[in-house]
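Below: one structure, written as structure tokens.
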Amino acid sequence: MFGAKKNIKKGEISLGVDIGNFSVKVAQLSSKDNKFTLEGFGYSKINTAKTDGVLEALKSACAEAKLSERRAVVAVPSQGVIVRYLMLPTMGEEELRKAMEFEIERYVPFDRKDVASDYLVIKENSDSRNMKVLLVAAKKEFVDSRVRVLKDAGLEPEVVTIDSIILKNIFQINYSDKKEKTVGLLNIGSKISSINIVRGSTSYFMRDVQLGGDNITQLLKEKFDIAPEEAEKIKCNLTLDDREKFKIIEPVLGNLLNEVYLSFDYYESEFGMVVDEVLVSGGTAKLAWLANFLKENLNREISVLNSIKNVTVSPIVSQQRLDFVFPSLAVPLGLALENFN
Ligand SMILES: Nc1ncnc2c1ncn2[C@@H]1O[C@H](COP(=O)(O)OP(=O)(O)OP(=O)(O)O)[C@@H](O)[C@H]1O
Ligand SMILES: [Mg+2]
């Protein structure tokens with residue numbers, strides 16, 4: 001979405017760059033005969049106190065990944081993106097293109113010339129009379145800012161897409177055994193959580209909510225009147241039986257659960273199917289008790305997403321670093337996969 005896609009030839013390398021609010025992750029992937037190899041990755045925390053913190057982290061992540069590829073797939077920050085699901089009468093390609101211009105005017109509150117947009121027909125739910133269409137629009141300045149930071153780091157931005165939609169790429173290559181199931185993909189970062197509902201190769205629903213691990217840190221920081229670094233440490237070491245601290249962070253967990261319930265409800269009433277299980281990713285999935293907590297409250301099978309279940313890892317990749325970034329690999333890998341589609 002949002003860009004001319006230059007498909008990479010088989011056997012070539014693709015690079016995914018995930019610029020979050022907390023960290024930058026880059027993943028370099030190769031593909032041969034439909035098998036994928038993680039050739040390298042880099043992770044760097046962003047120093048938000050610095051104006052060029054993002055660029056610095058990006059350069060450092062690129063250096064760790066020992067990149068051989070400069071063309072990179074990147075996502076627009078979801079704060080700047082508008083996502084709408086529309087039900088339209090069934091129509092041909094050209095007619096749909098014109099209809100979408102009209103829908104953009106209707107749903108996007110910015111001047112048309114300032115907006116980059118794209119859309120996708122969700123085939124599985126289209127009957128003969130109607131079609132469901134996903135519209136994604138972003139202010140061009142958000143797209144441009146991403147392009148700029150990548151260029152400043154010496155990369156060539158290729159496809160600019162959005163985080164949540166690419167989670168499905170990871171699901172597709174790693175979980176072919178679950179293609180008959182409806183799976184909720186939950187990527188919980190620092191400020192944003194993406195909820196994506198997939199079945200087979202179709203993404204039926206996606207939504208980003210402004211909620212993440214930082215909200216937990218913030219509550220601890222306020223309650224104990226401590227520095228953010230101290231609160232971060234307490235959060236990372238928190239266990240379920242620490243009732244007092246758990247009570248403090250409960251409002252955030254409650255809000256997160258609510259957003260997930262609402263999304264699952266929407267899918268279940270709109271498509272008449274049930275979300276069978278949930279796979280969690282993102283830095284916040286490192287909270288050891290989170291999967292259990294979600295399992296108890298959502299009443300579904302929950303596990304941490306293994307984004308390299310079906311991916312060979314190059315021997316040059318450090319196992320220790322891999323364990324460290326494991327839940328955060330989903331987005332950069334999914335972005336890299338976008339080029340092989
Ligand atoms: N060991 C850990 N235990 C608990 N939480 C952790 C741990 N390590 C990192 N986190 C949390 O994970 C979050 C960062 O996750 P991630 O790197 O996926 O975010 P991001 O992609 O940069 O942010 P976003 O997607 O929200 O813009 C932070 O809130 C951080 O506190
Ligand atoms: Mg993220």
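Identifiers for the structure tokens are assigned positionally: chains receive A, B, ... in sequence, residues are indexed from 1 per chain, and ligands are indexed from 1 in the order shown.
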Inset, instruction - With a distance cut-off of 7 Å and only C-alpha atoms, select the neighbouring residues of stretch 34-39 of chain A, excluding the residue or stretch itself and same-chain residues fewer than 4 positions from it, and output the selection as a list in words. - result: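 Final neighbour list, sorted by chain and number: Gln28, Leu29, Ser30, Val311, Thr312, Val313 and Ser314 of chain A.
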Inset, instruction - Please give the complete set of residues from stretch 181-271 of chain A that DSSP, run on the backbone, assigns to helix (DSSP H, G or I), formatted as a PyMOL selection string. - result: chain A and resi 213-224+228-236+243-271
Same residues, C-alpha atoms, output as a PDB file, in the first residue's frame:
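Listing of result.pdb after writing:
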ATOM      1  CA  GLY A 213       3.377  -1.037  27.559  1.00  0.00           C
ATOM      2  CA  ASP A 214       4.184   2.638  28.169  1.00  0.00           C
ATOM      3  CA  ASN A 215       0.759   3.136  29.752  1.00  0.00           C
ATOM      4  CA  ILE A 216       1.679   0.472  32.322  1.00  0.00           C
ATOM      5  CA  THR A 217       5.043   2.141  33.015  1.00  0.00           C
ATOM      6  CA  GLN A 218       3.299   5.508  33.349  1.00  0.00           C
ATOM      7  CA  LEU A 219       0.873   4.248  36.014  1.00  0.00           C
ATOM      8  CA  LEU A 220       3.712   2.784  38.085  1.00  0.00           C
ATOM      9  CA  LYS A 221       5.729   5.964  37.689  1.00  0.00           C
ATOM     10  CA  GLU A 222       2.841   8.149  38.892  1.00  0.00           C
ATOM     11  CA  LYS A 223       1.843   5.896  41.768  1.00  0.00           C
ATOM     12  CA  PHE A 224       5.340   5.589  43.244  1.00  0.00           C
ATOM     13  CA  PRO A 228      10.576   6.342  34.192  1.00  0.00           C
ATOM     14  CA  GLU A 229      13.622   4.012  34.114  1.00  0.00           C
ATOM     15  CA  GLU A 230      12.807   2.809  37.628  1.00  0.00           C
ATOM     16  CA  ALA A 231       9.138   2.239  36.703  1.00  0.00           C
ATOM     17  CA  GLU A 232      10.239   0.336  33.580  1.00  0.00           C
ATOM     18  CA  LYS A 233      12.367  -1.951  35.733  1.00  0.00           C
ATOM     19  CA  ILE A 234       9.514  -2.630  38.163  1.00  0.00           C
ATOM     20  CA  LYS A 235       7.204  -3.414  35.224  1.00  0.00           C
ATOM     21  CA  CYS A 236       9.601  -5.902  33.638  1.00  0.00           C
ATOM     22  CA  ARG A 243      -1.287  -8.038  44.042  1.00  0.00           C
ATOM     23  CA  GLU A 244      -0.531  -4.473  45.098  1.00  0.00           C
ATOM     24  CA  LYS A 245       1.335  -3.525  41.930  1.00  0.00           C
ATOM     25  CA  PHE A 246      -1.006  -5.499  39.774  1.00  0.00           C
ATOM     26  CA  LYS A 247      -3.944  -3.475  41.094  1.00  0.00           C
ATOM     27  CA  ILE A 248      -2.175  -0.285  39.970  1.00  0.00           C
ATOM     28  CA  ILE A 249      -1.820  -1.416  36.380  1.00  0.00           C
ATOM     29  CA  GLU A 250      -5.233  -3.068  36.115  1.00  0.00           C
ATOM     30  CA  PRO A 251      -6.933  -0.073  34.400  1.00  0.00           C
ATOM     31  CA  VAL A 252      -4.573  -0.374  31.409  1.00  0.00           C
ATOM     32  CA  LEU A 253      -5.151  -4.103  31.155  1.00  0.00           C
ATOM     33  CA  GLY A 254      -8.898  -3.513  31.403  1.00  0.00           C
ATOM     34  CA  ASN A 255      -8.788  -0.988  28.550  1.00  0.00           C
ATOM     35  CA  LEU A 256      -6.766  -3.368  26.422  1.00  0.00           C
ATOM     36  CA  LEU A 257      -9.187  -6.225  27.068  1.00  0.00           C
ATOM     37  CA  ASN A 258     -12.104  -3.963  26.170  1.00  0.00           C
ATOM     38  CA  GLU A 259     -10.579  -3.062  22.820  1.00  0.00           C
ATOM     39  CA  VAL A 260      -9.961  -6.724  22.065  1.00  0.00           C
ATOM     40  CA  TYR A 261     -13.520  -7.720  23.091  1.00  0.00           C
ATOM     41  CA  LEU A 262     -14.975  -4.983  20.887  1.00  0.00           C
ATOM     42  CA  SER A 263     -12.895  -6.061  17.899  1.00  0.00           C
ATOM     43  CA  PHE A 264     -13.741  -9.742  18.320  1.00  0.00           C
ATOM     44  CA  ASP A 265     -17.430  -8.889  18.765  1.00  0.00           C
ATOM     45  CA  TYR A 266     -17.394  -6.862  15.577  1.00  0.00           C
ATOM     46  CA  TYR A 267     -15.842  -9.726  13.626  1.00  0.00           C
ATOM     47  CA  GLU A 268     -18.130 -12.332  15.125  1.00  0.00           C
ATOM     48  CA  SER A 269     -21.328 -10.412  14.415  1.00  0.00           C
ATOM     49  CA  GLU A 270     -20.223  -9.130  10.993  1.00  0.00           C
ATOM     50  CA  PHE A 271     -18.830 -12.388   9.624  1.00  0.00           C
TER      51      PHE A 271
END
Legend entry - Of the listed residues A:Gly40, A:Pro77, A:Gly189, A:Gly20, that which approaches A:Gly53 most closely, counting only C-alpha atoms: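 Residue with the minimum atom-to-atom distance to A:Gly53: A:Gly20.
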Inset, instruction - Find the residues near ligand 1. Use a cut-off of 8 Å, count only C-alpha atoms and all ligand atoms, and write them as JSON, numbers by chain. - result: {"A": [18, 19, 20, 21, 22, 23, 24, 25, 45, 46, 77, 187, 188, 189, 190, 191, 192, 193, 210, 211, 212, 213, 214, 215, 216, 217, 232, 235, 236, 237, 281, 282, 283, 284, 285, 286, 287, 288, 327, 328]}
Legend entry - Residues within 8 Å of A:Leu186, only C-alpha atoms, excluding chain neighbours under 3 positions, as a PyMOL selection string: chain A and resi 193-196+278-281
Inset, instruction - Find, counting only C-alpha atoms and all ligand atoms, the residue in A:Val143, A:Val304, A:Leu167, A:Ile173 that gets nearest to ligand 2. - result: A:Leu167
Inset, instruction - Tell me which protein, DNA and RNA residues are within 6 Å of stretch 146-158 of chain A, counting only C-alpha atoms, leaving out same-chain ones fewer than 2 positions away, and put them as a ChimeraX atom specification. - result: /A:59,70-73,143-144
Generate a file of the selected residues that holds N, CA and C atoms, formatted as a short mmCIF file (atom, residue, chain, number, x, y, z; two decimals), in the first residue's frame.
data_model
loop_
_atom_site.label_atom_id
_atom_site.label_comp_id
_atom_site.auth_asym_id
_atom_site.auth_seq_id
_atom_site.Cartn_x
_atom_site.Cartn_y
_atom_site.Cartn_z
N LYS A 59 20.27 3.89 12.39
CA LYS A 59 21.64 3.63 11.93
C LYS A 59 22.26 2.50 12.75
N ARG A 70 19.88 -2.37 0.56
CA ARG A 70 19.56 -1.00 0.97
C ARG A 70 18.09 -0.66 0.73
N ARG A 71 17.41 -1.42 -0.14
CA ARG A 71 16.00 -1.11 -0.42
C ARG A 71 15.16 -1.66 0.73
N ALA A 72 14.38 -0.81 1.34
CA ALA A 72 13.71 -1.23 2.57
C ALA A 72 12.21 -0.96 2.54
N VAL A 73 11.46 -1.91 3.09
CA VAL A 73 10.01 -1.73 3.24
C VAL A 73 9.75 -1.14 4.61
N VAL A 143 3.89 9.96 5.42
CA VAL A 143 4.61 9.07 4.51
C VAL A 143 5.97 9.68 4.21
N ASP A 144 5.96 11.00 3.91
CA ASP A 144 7.21 11.68 3.54
C ASP A 144 8.23 11.65 4.68
#
Inset, instruction - Run DSSP on the backbone of this structure and report the residues of stretch 23-220 of chain A it assigns to strand (DSSP E), as a PyMOL selection string. - result: chain A and resi 23-32+35-45+71-76+81-89+115-122+130-139+156-162+182-188+193-199+202-209
With C-alpha atoms retained, could you export that selection as a PDB file, in the first residue's frame?
ATOM      1  CA  SER A  23      12.592   0.928  19.332  1.00  0.00           C
ATOM      2  CA  VAL A  24      13.748   0.471  15.743  1.00  0.00           C
ATOM      3  CA  LYS A  25      13.976  -3.053  14.368  1.00  0.00           C
ATOM      4  CA  VAL A  26      15.355  -4.107  11.003  1.00  0.00           C
ATOM      5  CA  ALA A  27      15.187  -7.596   9.535  1.00  0.00           C
ATOM      6  CA  GLN A  28      16.888  -8.920   6.438  1.00  0.00           C
ATOM      7  CA  LEU A  29      15.238 -11.905   4.831  1.00  0.00           C
ATOM      8  CA  SER A  30      16.029 -14.060   1.816  1.00  0.00           C
ATOM      9  CA  SER A  31      13.662 -16.336  -0.048  1.00  0.00           C
ATOM     10  CA  LYS A  32      14.322 -19.407  -2.135  1.00  0.00           C
ATOM     11  CA  LYS A  35      11.466 -20.960   2.014  1.00  0.00           C
ATOM     12  CA  PHE A  36      12.709 -18.030   4.042  1.00  0.00           C
ATOM     13  CA  THR A  37      15.971 -17.342   5.842  1.00  0.00           C
ATOM     14  CA  LEU A  38      16.554 -14.619   8.416  1.00  0.00           C
ATOM     15  CA  GLU A  39      19.900 -13.285   7.234  1.00  0.00           C
ATOM     16  CA  GLY A  40      20.257 -10.672   9.939  1.00  0.00           C
ATOM     17  CA  PHE A  41      18.492  -8.270  12.186  1.00  0.00           C
ATOM     18  CA  GLY A  42      19.169  -5.259  14.329  1.00  0.00           C
ATOM     19  CA  TYR A  43      17.387  -3.722  17.290  1.00  0.00           C
ATOM     20  CA  SER A  44      17.956  -0.373  18.899  1.00  0.00           C
ATOM     21  CA  LYS A  45      16.049   1.509  21.564  1.00  0.00           C
ATOM     22  CA  ARG A  71      16.003  -1.113  -0.418  1.00  0.00           C
ATOM     23  CA  ALA A  72      13.710  -1.228   2.571  1.00  0.00           C
ATOM     24  CA  VAL A  73      10.012  -1.732   3.239  1.00  0.00           C
ATOM     25  CA  VAL A  74       8.728   0.605   5.912  1.00  0.00           C
ATOM     26  CA  ALA A  75       5.364   1.426   7.502  1.00  0.00           C
ATOM     27  CA  VAL A  76       3.604   4.759   8.049  1.00  0.00           C
ATOM     28  CA  VAL A  81      -3.448   6.598   9.276  1.00  0.00           C
ATOM     29  CA  ILE A  82      -7.195   6.355   8.751  1.00  0.00           C
ATOM     30  CA  VAL A  83      -8.672   2.894   8.236  1.00  0.00           C
ATOM     31  CA  ARG A  84     -12.285   2.320   7.135  1.00  0.00           C
ATOM     32  CA  TYR A  85     -14.221  -0.791   6.211  1.00  0.00           C
ATOM     33  CA  LEU A  86     -16.875  -0.065   3.578  1.00  0.00           C
ATOM     34  CA  MET A  87     -19.683  -2.142   2.128  1.00  0.00           C
ATOM     35  CA  LEU A  88     -20.256  -1.207  -1.504  1.00  0.00           C
ATOM     36  CA  PRO A  89     -22.383  -2.630  -4.300  1.00  0.00           C
ATOM     37  CA  VAL A 115      -3.537  12.374   1.222  1.00  0.00           C
ATOM     38  CA  ALA A 116      -1.948   9.100   0.114  1.00  0.00           C
ATOM     39  CA  SER A 117      -4.488   6.304  -0.069  1.00  0.00           C
ATOM     40  CA  ASP A 118      -5.028   2.727  -1.101  1.00  0.00           C
ATOM     41  CA  TYR A 119      -7.762   0.126  -0.852  1.00  0.00           C
ATOM     42  CA  LEU A 120      -8.254  -3.601  -0.863  1.00  0.00           C
ATOM     43  CA  VAL A 121     -11.309  -5.734  -1.638  1.00  0.00           C
ATOM     44  CA  ILE A 122     -11.927  -8.359   1.044  1.00  0.00           C
ATOM     45  CA  ASN A 130     -22.045  -6.388  -2.251  1.00  0.00           C
ATOM     46  CA  MET A 131     -18.338  -6.147  -1.648  1.00  0.00           C
ATOM     47  CA  LYS A 132     -16.430  -5.264   1.477  1.00  0.00           C
ATOM     48  CA  VAL A 133     -13.560  -2.859   0.878  1.00  0.00           C
ATOM     49  CA  LEU A 134     -10.793  -1.772   3.216  1.00  0.00           C
ATOM     50  CA  LEU A 135      -9.768   1.860   2.720  1.00  0.00           C
ATOM     51  CA  VAL A 136      -6.458   3.082   4.111  1.00  0.00           C
ATOM     52  CA  ALA A 137      -5.443   6.726   3.926  1.00  0.00           C
ATOM     53  CA  ALA A 138      -2.573   8.691   5.411  1.00  0.00           C
ATOM     54  CA  LYS A 139      -1.496  12.296   5.318  1.00  0.00           C
ATOM     55  CA  GLU A 156      16.043   3.316  -0.259  1.00  0.00           C
ATOM     56  CA  PRO A 157      12.441   3.181   0.972  1.00  0.00           C
ATOM     57  CA  GLU A 158      10.408   0.977  -1.335  1.00  0.00           C
ATOM     58  CA  VAL A 159       6.932   0.142  -0.214  1.00  0.00           C
ATOM     59  CA  VAL A 160       5.357   2.190   2.483  1.00  0.00           C
ATOM     60  CA  THR A 161       2.651   0.225   4.174  1.00  0.00           C
ATOM     61  CA  ILE A 162       0.942   0.089   7.583  1.00  0.00           C
ATOM     62  CA  THR A 182      -9.809 -17.622  12.797  1.00  0.00           C
ATOM     63  CA  VAL A 183      -6.873 -16.142  14.633  1.00  0.00           C
ATOM     64  CA  GLY A 184      -6.562 -12.814  16.431  1.00  0.00           C
ATOM     65  CA  LEU A 185      -3.098 -11.286  16.066  1.00  0.00           C
ATOM     66  CA  LEU A 186      -2.266  -8.875  18.834  1.00  0.00           C
ATOM     67  CA  ASN A 187       0.900  -6.801  18.564  1.00  0.00           C
ATOM     68  CA  ILE A 188       1.384  -4.857  21.788  1.00  0.00           C
ATOM     69  CA  SER A 193      -1.482  -2.105  20.002  1.00  0.00           C
ATOM     70  CA  SER A 194      -2.551  -3.572  16.677  1.00  0.00           C
ATOM     71  CA  ILE A 195      -5.458  -5.962  16.545  1.00  0.00           C
ATOM     72  CA  ASN A 196      -5.751  -8.010  13.404  1.00  0.00           C
ATOM     73  CA  ILE A 197      -8.203 -10.835  12.722  1.00  0.00           C
ATOM     74  CA  VAL A 198      -7.116 -13.262  10.037  1.00  0.00           C
ATOM     75  CA  ARG A 199      -8.392 -16.423   8.498  1.00  0.00           C
ATOM     76  CA  THR A 202      -7.439 -12.830   4.426  1.00  0.00           C
ATOM     77  CA  SER A 203      -7.272 -10.065   6.988  1.00  0.00           C
ATOM     78  CA  TYR A 204     -10.892  -9.453   8.011  1.00  0.00           C
ATOM     79  CA  PHE A 205     -10.325  -6.757  10.530  1.00  0.00           C
ATOM     80  CA  MET A 206      -7.556  -4.534  11.755  1.00  0.00           C
ATOM     81  CA  ARG A 207      -7.400  -1.693  14.169  1.00  0.00           C
ATOM     82  CA  ASP A 208      -4.690   0.152  15.996  1.00  0.00           C
ATOM     83  CA  VAL A 209      -5.412   1.426  19.472  1.00  0.00           C
TER      84      VAL A 209
END
Inset, instruction - Could you jot down the atom CA of A:Glu94 to atom CA of A:Phe142 separation for me, Å, one decimal place? - result: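 These atoms are spaced 27.8 Å apart.
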Legend entry - Among listed residues A:Cys62, A:Asp111, A:Arg321, A:Ile166, nearest ligand 2 (using only C-alpha atoms and all ligand atoms):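 Of A:Cys62, A:Asp111, A:Arg321, A:Ile166, the one nearest ligand 2 is A:Ile166, counting only C-alpha atoms and all ligand atoms.
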